[in-house]
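The structure file query_27.txt is reproduced below (compact mmCIF, C-alpha atoms and all ligand atoms).
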```
# COMPACT_ATOMS: atom_id res chain seq x y z
CA MET A 1 0.00 0.00 0.00
CA SER A 2 1.29 3.50 -0.83
CA ALA A 3 2.11 5.97 1.97
CA ILE A 4 -0.85 8.15 1.00
CA ALA A 5 -3.23 5.19 0.99
CA SER A 6 -2.03 4.09 4.41
CA HIS A 7 -2.27 7.64 5.84
CA LEU A 8 -5.82 7.87 4.47
CA GLN A 9 -6.72 4.61 6.11
CA ALA A 10 -5.29 5.85 9.44
CA VAL A 11 -7.17 9.16 9.23
CA ASN A 12 -10.46 7.45 8.34
CA SER A 13 -10.08 5.10 11.26
CA ALA A 14 -9.21 7.99 13.63
CA ILE A 15 -12.37 9.76 12.39
CA ALA A 16 -14.39 6.64 13.19
CA ASP A 17 -12.82 6.47 16.67
CA ALA A 18 -13.58 10.14 17.34
CA CYS A 19 -17.22 9.63 16.27
CA LYS A 20 -17.55 6.63 18.54
CA LEU A 21 -16.05 8.53 21.46
CA ALA A 22 -18.47 11.41 20.84
CA GLY A 23 -21.42 9.04 20.60
CA ARG A 24 -22.03 10.01 16.98
CA THR A 25 -23.58 7.53 14.60
CA ASP A 26 -23.02 9.76 11.57
CA ARG A 27 -19.61 10.43 9.97
CA PRO A 28 -18.13 13.75 8.91
CA ALA A 29 -16.96 13.91 5.28
CA LEU A 30 -13.20 13.91 4.80
CA LEU A 31 -11.89 16.75 2.64
CA ALA A 32 -8.31 15.99 1.57
CA VAL A 33 -6.47 19.32 1.53
CA SER A 34 -4.07 19.03 -1.39
CA LYS A 35 -2.57 22.52 -1.73
CA THR A 36 1.05 22.36 -2.97
CA GLN A 37 0.71 18.60 -3.59
CA SER A 38 1.28 17.21 -7.07
CA ALA A 39 -1.48 15.93 -9.33
CA SER A 40 0.00 12.45 -8.98
CA ALA A 41 -0.42 12.62 -5.19
CA LEU A 42 -4.11 13.44 -5.67
CA ARG A 43 -4.45 10.59 -8.15
CA GLU A 44 -2.96 8.25 -5.59
CA ALA A 45 -5.42 9.40 -2.93
CA TYR A 46 -8.31 9.07 -5.39
CA ALA A 47 -7.25 5.51 -6.20
CA ALA A 48 -7.45 4.81 -2.45
CA GLY A 49 -11.07 6.00 -2.39
CA GLN A 50 -10.77 9.74 -1.65
CA ILE A 51 -13.24 11.86 -3.66
CA ARG A 52 -13.27 15.35 -2.11
CA PHE A 53 -10.21 17.58 -2.45
CA GLY A 54 -9.60 21.07 -1.05
CA GLU A 55 -7.37 23.63 -2.75
CA ASN A 56 -6.20 27.13 -1.71
CA TYR A 57 -4.66 28.58 -4.88
CA VAL A 58 -6.79 29.07 -7.97
CA GLN A 59 -4.24 28.64 -10.74
CA GLU A 60 -2.51 25.71 -9.05
CA ALA A 61 -5.87 23.98 -8.67
CA ILE A 62 -6.88 24.58 -12.29
CA ASN A 63 -3.59 23.10 -13.48
CA LYS A 64 -4.24 19.95 -11.44
CA GLN A 65 -7.85 19.75 -12.58
CA ALA A 66 -6.62 19.71 -16.18
CA GLU A 67 -4.36 16.76 -15.37
CA LEU A 68 -7.07 14.91 -13.42
CA GLY A 69 -10.00 15.48 -15.78
CA ASP A 70 -10.60 11.72 -16.03
CA LEU A 71 -11.45 11.49 -12.29
CA ALA A 72 -14.85 12.32 -10.71
CA ILE A 73 -13.35 14.60 -8.04
CA GLU A 74 -15.47 17.01 -5.99
CA TRP A 75 -13.44 20.25 -5.80
CA HIS A 76 -13.61 22.56 -2.78
CA PHE A 77 -12.01 26.00 -2.68
CA ILE A 78 -10.83 26.80 0.87
CA GLY A 79 -8.31 29.66 0.51
CA PRO A 80 -8.57 33.43 0.78
CA ILE A 81 -10.55 34.84 -2.17
CA GLN A 82 -9.38 37.78 -4.25
CA SER A 83 -12.23 39.44 -6.12
CA ASN A 84 -10.46 39.12 -9.48
CA LYS A 85 -10.51 35.31 -9.03
CA THR A 86 -14.24 34.88 -8.41
CA GLN A 87 -15.01 34.04 -12.05
CA LEU A 88 -12.46 31.20 -12.13
CA ILE A 89 -13.52 29.91 -8.72
CA ALA A 90 -17.20 29.86 -9.72
CA GLN A 91 -16.35 27.94 -12.89
CA HIS A 92 -13.88 25.42 -11.48
CA PHE A 93 -15.19 24.43 -8.05
CA ASP A 94 -18.24 22.69 -6.56
CA TRP A 95 -17.86 24.24 -3.10
CA VAL A 96 -16.35 27.39 -1.59
CA HIS A 97 -15.67 27.35 2.16
CA SER A 98 -14.08 30.77 2.55
CA VAL A 99 -16.73 33.38 1.73
CA ASP A 100 -16.31 36.27 4.14
CA ARG A 101 -17.68 39.33 2.39
CA LEU A 102 -20.73 40.46 0.54
CA LYS A 103 -18.92 41.57 -2.61
CA ILE A 104 -17.30 38.15 -3.02
CA ALA A 105 -20.64 36.38 -2.57
CA GLN A 106 -22.30 38.60 -5.17
CA ARG A 107 -19.50 38.11 -7.68
CA LEU A 108 -19.46 34.32 -7.20
CA SER A 109 -23.23 34.21 -7.68
CA SER A 110 -23.27 36.17 -10.93
CA ALA A 111 -20.22 34.30 -12.27
CA ARG A 112 -21.92 30.97 -11.60
CA GLY A 113 -24.78 31.98 -13.88
CA ALA A 114 -28.25 30.52 -14.24
CA THR A 115 -27.29 27.43 -16.21
CA SER A 116 -25.10 25.66 -13.64
CA LEU A 117 -26.04 24.10 -10.33
CA PRO A 118 -25.65 26.64 -7.54
CA LEU A 119 -22.23 26.82 -5.93
CA ASN A 120 -22.20 25.32 -2.41
CA ILE A 121 -21.12 27.96 0.09
CA CYS A 122 -19.81 28.07 3.64
CA ILE A 123 -19.31 31.39 5.35
CA GLN A 124 -15.92 31.63 7.04
CA VAL A 125 -16.26 32.85 10.61
CA ASN A 126 -13.54 34.15 12.88
CA VAL A 127 -14.27 33.03 16.40
CA SER A 128 -10.86 33.73 17.87
CA LEU A 129 -10.95 37.41 16.81
CA GLU A 130 -7.32 37.47 15.75
CA ALA A 131 -6.81 40.52 13.56
CA SER A 132 -4.70 38.52 11.11
CA LYS A 133 -7.28 35.82 10.35
CA SER A 134 -9.93 36.02 7.68
CA GLY A 135 -13.56 35.47 8.44
CA VAL A 136 -16.55 37.44 9.64
CA THR A 137 -17.26 38.07 13.30
CA SER A 138 -20.12 36.24 14.98
CA SER A 139 -22.29 39.34 14.85
CA GLU A 140 -21.75 39.82 11.11
CA THR A 141 -22.49 36.20 10.28
CA LEU A 142 -26.27 36.28 10.32
CA ALA A 143 -26.54 39.25 7.94
CA LEU A 144 -24.06 37.75 5.45
CA ALA A 145 -25.89 34.42 5.66
CA GLU A 146 -29.18 36.09 4.71
CA THR A 147 -27.60 37.60 1.61
CA VAL A 148 -25.83 34.41 0.54
CA ALA A 149 -29.06 32.46 1.00
CA SER A 150 -30.88 34.90 -1.29
CA LEU A 151 -28.36 34.88 -4.18
CA PRO A 152 -29.49 32.72 -7.13
CA GLY A 153 -26.08 31.27 -8.04
CA LEU A 154 -25.27 30.17 -4.50
CA ARG A 155 -26.55 27.56 -2.07
CA LEU A 156 -25.73 28.34 1.54
CA ARG A 157 -24.62 25.12 3.30
CA GLY A 158 -23.14 26.34 6.59
CA LEU A 159 -20.05 27.68 8.31
CA MET A 160 -16.29 27.16 8.12
CA ALA A 161 -13.70 28.21 10.72
CA ILE A 162 -9.95 28.04 11.31
CA PRO A 163 -9.47 28.67 15.04
CA ALA A 164 -6.18 29.83 16.50
CA PRO A 165 -3.88 26.78 16.62
CA THR A 166 -3.36 25.31 20.08
CA ASP A 167 -2.30 21.93 21.51
CA ASP A 168 -4.70 22.36 24.40
CA VAL A 169 -7.65 20.12 23.59
CA ARG A 170 -9.99 22.01 25.93
CA GLU A 171 -9.15 25.25 24.14
CA GLN A 172 -9.71 23.54 20.76
CA ARG A 173 -13.10 22.34 21.99
CA ALA A 174 -14.03 25.80 23.30
CA GLN A 175 -13.27 27.45 19.97
CA PHE A 176 -15.11 24.82 17.94
CA HIS A 177 -18.00 25.03 20.39
CA ALA A 178 -18.34 28.75 19.65
CA VAL A 179 -18.66 27.98 15.92
CA ARG A 180 -21.15 25.22 16.67
CA THR A 181 -23.28 27.59 18.75
CA LEU A 182 -23.36 30.11 15.90
CA PHE A 183 -24.27 27.33 13.48
CA ASP A 184 -27.18 26.23 15.70
CA GLN A 185 -28.41 29.83 15.79
CA LEU A 186 -28.31 30.03 12.01
CA GLN A 187 -30.08 26.71 11.65
CA ALA A 188 -32.99 28.03 13.68
CA THR A 189 -33.94 30.27 10.75
CA HIS A 190 -32.30 28.13 8.01
CA PRO A 191 -33.08 24.50 8.85
CA GLU A 192 -31.71 23.42 5.45
CA LEU A 193 -28.12 24.18 6.53
CA ASP A 194 -26.13 20.98 6.98
CA THR A 195 -22.43 21.85 7.00
CA LEU A 196 -20.00 22.65 9.78
CA SER A 197 -16.53 22.69 8.19
CA ILE A 198 -14.13 22.54 11.15
CA GLY A 199 -11.06 20.50 12.08
CA MET A 200 -7.58 20.14 10.53
CA SER A 201 -4.73 17.63 11.05
CA GLN A 202 -3.90 18.94 14.55
CA ASP A 203 -7.41 19.25 15.97
CA TYR A 204 -9.96 17.17 14.07
CA PRO A 205 -10.91 14.86 16.96
CA ALA A 206 -11.98 17.95 18.96
CA ALA A 207 -13.90 19.28 15.93
CA ILE A 208 -15.69 15.96 15.53
CA ALA A 209 -16.68 16.06 19.20
CA GLU A 210 -18.21 19.50 18.54
CA GLY A 211 -20.21 18.35 15.53
CA ALA A 212 -17.97 18.79 12.46
CA THR A 213 -19.66 17.53 9.27
CA ILE A 214 -16.58 18.17 7.11
CA VAL A 215 -13.01 17.89 8.38
CA ARG A 216 -10.28 19.46 6.19
CA ILE A 217 -7.08 17.44 6.47
CA GLY A 218 -3.82 17.93 4.58
CA THR A 219 -0.62 17.07 6.42
CA ALA A 220 -1.92 13.89 8.03
CA ILE A 221 -2.71 12.52 4.56
CA PHE A 222 0.00 13.90 2.27
CA GLY A 223 2.80 14.64 4.73
CA ALA A 224 4.55 18.00 5.06
CA ARG A 225 3.81 20.53 2.36
CA ARG A 226 6.37 21.93 -0.03
CA PRO A 227 6.63 25.72 0.18
CA HIS A 228 4.22 27.59 -2.04
CA ALA A 229 5.63 29.29 -5.16
CA THR A 230 5.45 32.78 -3.60
CA SER A 231 8.12 31.78 -1.10
CA THR A 232 10.55 30.67 -3.82
CA PRO A 233 13.58 33.01 -3.89
CA PRO A 234 13.48 35.24 -7.00
CA SER A 235 16.90 33.90 -8.01
CA ALA A 236 15.45 30.43 -8.66
CA PRO A 237 14.65 30.42 -12.39
CA ALA A 238 11.21 28.88 -12.83
CA GLN A 239 11.92 27.73 -16.39
CA SER A 240 14.67 25.39 -15.19
CA MET A 241 12.22 23.31 -13.15
CA SER A 242 10.18 20.53 -14.68
CA ALA A 243 6.42 20.85 -14.56
CA SER A 244 6.20 18.08 -11.97
CA GLU A 245 8.63 19.82 -9.64
CA SER A 246 6.85 23.12 -9.85
CA PRO A 247 3.17 22.83 -10.72
CA HIS A 248 2.33 26.35 -9.52
CA LEU A 249 4.30 28.73 -11.65
CA ASN A 250 1.67 31.40 -12.18
CA LEU A 251 0.89 32.13 -8.58
CA ALA A 252 3.00 35.15 -7.78
CA GLU A 253 -0.18 37.20 -7.37
CA GLU A 254 -1.80 34.85 -4.88
CA GLN A 255 -1.49 34.94 -1.13
CA SER A 256 0.53 32.53 0.97
CA PRO A 257 -1.32 30.19 3.30
CA THR A 258 -1.66 31.27 6.89
C1 LIG A 301 -4.03 24.01 4.71
C2 LIG A 301 -5.42 24.03 5.22
C3 LIG A 301 -5.99 22.92 5.89
C4 LIG A 301 -5.24 21.65 6.20
O1 LIG A 301 -4.26 21.84 7.16
P1 LIG A 301 -3.42 20.60 7.78
O2 LIG A 301 -2.93 21.14 9.06
O3 LIG A 301 -2.36 20.30 6.80
O4 LIG A 301 -4.38 19.49 7.94
C5 LIG A 301 -7.32 23.01 6.26
N1 LIG A 301 -8.05 24.12 6.04
C6 LIG A 301 -7.55 25.19 5.41
C7 LIG A 301 -8.42 26.38 5.19
C8 LIG A 301 -6.22 25.19 5.00
O5 LIG A 301 -5.72 26.29 4.39
```

Now, as a test, write the supplied structure out as C-alpha cells.
Ligand SMILES: *Cc1c(COP(=O)(O)O)cnc(C)c1O
Amino acid sequence: MSAIASHLQAVNSAIADACKLAGRTDRPALLAVSKTQSASALREAYAAGQIRFGENYVQEAINKQAELGDLAIEWHFIGPIQSNKTQLIAQHFDWVHSVDRLKIAQRLSSARGATSLPLNICIQVNVSLEASKSGVTSSETLALAETVASLPGLRLRGLMAIPAPTDDVREQRAQFHAVRTLFDQLQATHPELDTLSIGMSQDYPAAIAEGATIVRIGTAIFGARRPHATSTPPSAPAQSMSASESPHLNLAEEQSPT
C-alpha cells in the first residue's frame, strides 16, 4: 500500500474512533487538503477512495484539474478569495468554504450563472478574533448568511472556521464550540443548513466532538507541504524546473497560506 493510501486509512479510522467517542452515529466527510501537492499525489489518494479535495490557490488547482479530468473529483475552494478570481472559482469548483464578504458572494453568484447548479457555500467565521485571520465576526455572520441564501447562483450550506492553533484540547473544543453555537443559531432560521466545516490535522478529533460535518485534512494525509511558489527566492529560475517539480508557476499574485 502506498504511503498516501495508508495515511488515508489511518485518518479514516481515527475519524471513526472520534465519532464513537463522541457518541455520533453519523460520519463527517473527509476533505483531503491538497494545496502544494502534485497531481499524482491526488491521483494516488483518489485511487485509495478519496473523492473530495480542497485547494487554496486558484491557478494551481486549475492546473491539477486539467491533469485529473478523467477522475470524478469534488473540488472545494478553501483559501482566501481575491475578487479578481471569483469568475475562475465559480467555474472550477463545486464548493467554496471561505466566503467572508458580501462583494465576493455577489461576484461568485453572478459568475456561476443561471445554467449551472448553484455553488455550495460556507461562510468563514472568525471566532478567535485574531486581527490577522480572515472570516466574519459572529455578529456579522447572520446578515451575510441572509444575503448568501438569497443569491441565485449560491446555495448556503453552513459555516467554516480556522481557530487559533493550540495543543490544548480544551481550548480547541471551546473554539469549535463557539462555531457550533453560531451554526445552531443560524439553523434556527435556516433548517436546510447541513455543513459545519471545522477540524484540521492537529485538531480534528476535537472538531468531531463538537459536531464537524466536514473535516479538512492535509498534512496527516500527504505529509509536510512543499513551500508555495510565492516563497521561492526570486533567483530560482522557474523555467529550469520541470512541470512536476513546480506545478504552480503562475501564482505570484496569490497569497501565501496562513
Ligand atoms: C491548509 C489548510 C488545511 C489543512 O491543514 P493541515 O494542518 O495540513 O491538515 C485546512 N483548512 C484550510 C483552510 C487550510 O488552508

Counting only C-alpha atoms, the residue of A:Ile123, A:Ala47, A:Ala32, A:Leu68 that sits nearest A:Pro80
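So, comparing all the options, the nearest one is A:Ile123.
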
What does the distance from atom CA of A:Thr219 to atom CA of A:Val125 come to in Å, to one decimal?
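For atom CA of A:Thr219 relative to atom CA of A:Val125, the distance reads 22.6 Å.
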
Using all atoms listed in the file, which protein or nucleic acid residues are at most 10 Å from ligand LIG 301 (chain A), as JSON, numbers by chain?
{"A": [31, 32, 33, 34, 35, 36, 54, 55, 56, 57, 77, 78, 79, 80, 97, 98, 124, 160, 161, 162, 165, 197, 198, 199, 200, 201, 202, 203, 204, 215, 216, 217, 218, 219, 220, 221, 222, 223, 224, 225, 256, 257, 258]}

Among the residues A:Cys19, A:Ile214, A:Ala114, A:Ala174, the one that comes closest to A:Pro152 [using all atoms listed in the file]
A:Ala114

When you look at A:Lys85 with a cut-off of 10 Å (counting all atoms listed in the file), what residues show up, excluding the ones that are within fewer than 2 positions of it in the same chain? I need them as an NGL selection string.
:A and (57-59 or 81-83 or 87-90 or 104 or 107-108 or 254)

Those same residues - C-alpha atoms - I'd like them written as a PDB file, in the coordinates of the input.
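To be explicit, this is the file written out as selection13.pdb:
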```pdb
ATOM      1  CA  TYR A  57      -4.660  28.580  -4.880  1.00  0.00           C
ATOM      2  CA  VAL A  58      -6.790  29.070  -7.970  1.00  0.00           C
ATOM      3  CA  GLN A  59      -4.240  28.640 -10.740  1.00  0.00           C
ATOM      4  CA  ILE A  81     -10.550  34.840  -2.170  1.00  0.00           C
ATOM      5  CA  GLN A  82      -9.380  37.780  -4.250  1.00  0.00           C
ATOM      6  CA  SER A  83     -12.230  39.440  -6.120  1.00  0.00           C
ATOM      7  CA  GLN A  87     -15.010  34.040 -12.050  1.00  0.00           C
ATOM      8  CA  LEU A  88     -12.460  31.200 -12.130  1.00  0.00           C
ATOM      9  CA  ILE A  89     -13.520  29.910  -8.720  1.00  0.00           C
ATOM     10  CA  ALA A  90     -17.200  29.860  -9.720  1.00  0.00           C
ATOM     11  CA  ILE A 104     -17.300  38.150  -3.020  1.00  0.00           C
ATOM     12  CA  ARG A 107     -19.500  38.110  -7.680  1.00  0.00           C
ATOM     13  CA  LEU A 108     -19.460  34.320  -7.200  1.00  0.00           C
ATOM     14  CA  GLU A 254      -1.800  34.850  -4.880  1.00  0.00           C
TER      15      GLU A 254
END
```

Excluding A:Ala22 and any residue of its chain fewer than 6 positions from it, enumerate the residues within 9 Å of it, using all atoms listed in the file, and give them as a PyMOL selection string.
chain A and resi 208-211

Show me, as a PyMOL selection string, the residues that have an atom within 10 Å of A:Leu142 when counting only C-alpha atoms, minus same-chain residues fewer than 3 positions from it.
chain A and resi 123+136-139+145-148+182-183+185-186+189

For A:Asp70, which of A:Arg43, A:Gly49, A:Ser110, A:Leu119 is the closest residue, counting all atoms listed in the file?
A:Arg43

Hey, which of A:Pro28, A:Ala206, A:Ala48, A:Asp168 ends up closest to A:Gln9? Count all atoms listed in the file.
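For A:Gln9, the nearest of the candidates is A:Ala48.
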
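Atom CA of A:Gly113 is positioned 25.2 Å from atom CA of A:Gly135.
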
For A:Leu156: contacts at 8 Å, only C-alpha atoms, fewer than 6 positions along chain excluded, given as an mmCIF file with C-alpha atoms, in the frame of the given file:
```cif
data_model
loop_
_atom_site.group_PDB
_atom_site.id
_atom_site.type_symbol
_atom_site.label_atom_id
_atom_site.label_comp_id
_atom_site.auth_asym_id
_atom_site.auth_seq_id
_atom_site.Cartn_x
_atom_site.Cartn_y
_atom_site.Cartn_z
ATOM 1 C CA ASN A 120 -22.200 25.320 -2.410
ATOM 2 C CA ILE A 121 -21.120 27.960 0.090
ATOM 3 C CA CYS A 122 -19.810 28.070 3.640
ATOM 4 C CA ALA A 145 -25.890 34.420 5.660
ATOM 5 C CA VAL A 148 -25.830 34.410 0.540
ATOM 6 C CA ALA A 149 -29.060 32.460 1.000
ATOM 7 C CA LEU A 193 -28.120 24.180 6.530
#
```

Which residue gives the smallest distance to A:Gln91 among A:Leu71, A:Gln106, A:Leu151, A:Pro118, with only C-alpha atoms counted?
A:Pro118

Would you mind reading off the distance between atom CA of A:Val96 and atom CA of A:Arg170, one decimal, in Å?
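According to the coordinates, atom CA of A:Val96 and atom CA of A:Arg170 are separated by 28.8 Å.
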
What lies within 6 Å of A:Thr195 using all atoms listed in the file, ignoring chain neighbours under 3 positions off, as number ranges by chain?
A: 157-158, 213

Pick from A:Arg52, A:Ala10, A:Arg112, A:Ser150 nearest to A:His76, counting only C-alpha atoms:
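Ranking A:Arg52, A:Ala10, A:Arg112, A:Ser150 by distance to A:His76, first place goes to A:Arg52.
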
With N, CA and C atoms as the target, complete stretch 87-98 of chain A and hand it back as a PDB file, in the frame of the given file.
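Output file result.pdb is given in full below:
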```
ATOM      1  N   GLN A  87     -14.528  34.679 -10.824  1.00  0.00           N
ATOM      2  CA  GLN A  87     -15.010  34.040 -12.050  1.00  0.00           C
ATOM      3  C   GLN A  87     -14.431  32.622 -12.181  1.00  0.00           C
ATOM      4  N   LEU A  88     -13.112  32.512 -12.016  1.00  0.00           N
ATOM      5  CA  LEU A  88     -12.460  31.200 -12.130  1.00  0.00           C
ATOM      6  C   LEU A  88     -12.928  30.256 -11.043  1.00  0.00           C
ATOM      7  N   ILE A  89     -13.074  30.771  -9.827  1.00  0.00           N
ATOM      8  CA  ILE A  89     -13.520  29.910  -8.720  1.00  0.00           C
ATOM      9  C   ILE A  89     -14.924  29.384  -8.997  1.00  0.00           C
ATOM     10  N   ALA A  90     -15.808  30.278  -9.451  1.00  0.00           N
ATOM     11  CA  ALA A  90     -17.200  29.860  -9.720  1.00  0.00           C
ATOM     12  C   ALA A  90     -17.265  28.807 -10.821  1.00  0.00           C
ATOM     13  N   GLN A  91     -16.320  28.878 -11.763  1.00  0.00           N
ATOM     14  CA  GLN A  91     -16.350  27.940 -12.890  1.00  0.00           C
ATOM     15  C   GLN A  91     -15.665  26.611 -12.578  1.00  0.00           C
ATOM     16  N   HIS A  92     -14.721  26.608 -11.650  1.00  0.00           N
ATOM     17  CA  HIS A  92     -13.880  25.420 -11.480  1.00  0.00           C
ATOM     18  C   HIS A  92     -14.091  24.650 -10.192  1.00  0.00           C
ATOM     19  N   PHE A  93     -15.000  25.103  -9.335  1.00  0.00           N
ATOM     20  CA  PHE A  93     -15.190  24.430  -8.050  1.00  0.00           C
ATOM     21  C   PHE A  93     -16.664  24.093  -7.804  1.00  0.00           C
ATOM     22  N   ASP A  94     -16.885  23.084  -6.965  1.00  0.00           N
ATOM     23  CA  ASP A  94     -18.240  22.690  -6.560  1.00  0.00           C
ATOM     24  C   ASP A  94     -18.639  23.361  -5.247  1.00  0.00           C
ATOM     25  N   TRP A  95     -17.646  23.637  -4.417  1.00  0.00           N
ATOM     26  CA  TRP A  95     -17.860  24.240  -3.100  1.00  0.00           C
ATOM     27  C   TRP A  95     -16.858  25.373  -2.882  1.00  0.00           C
ATOM     28  N   VAL A  96     -17.272  26.363  -2.091  1.00  0.00           N
ATOM     29  CA  VAL A  96     -16.350  27.390  -1.590  1.00  0.00           C
ATOM     30  C   VAL A  96     -16.597  27.532  -0.094  1.00  0.00           C
ATOM     31  N   HIS A  97     -15.532  27.323   0.704  1.00  0.00           N
ATOM     32  CA  HIS A  97     -15.670  27.350   2.160  1.00  0.00           C
ATOM     33  C   HIS A  97     -15.331  28.702   2.769  1.00  0.00           C
ATOM     34  N   SER A  98     -14.757  29.609   1.973  1.00  0.00           N
ATOM     35  CA  SER A  98     -14.080  30.770   2.550  1.00  0.00           C
ATOM     36  C   SER A  98     -14.720  32.104   2.162  1.00  0.00           C
TER      37      SER A  98
END
```
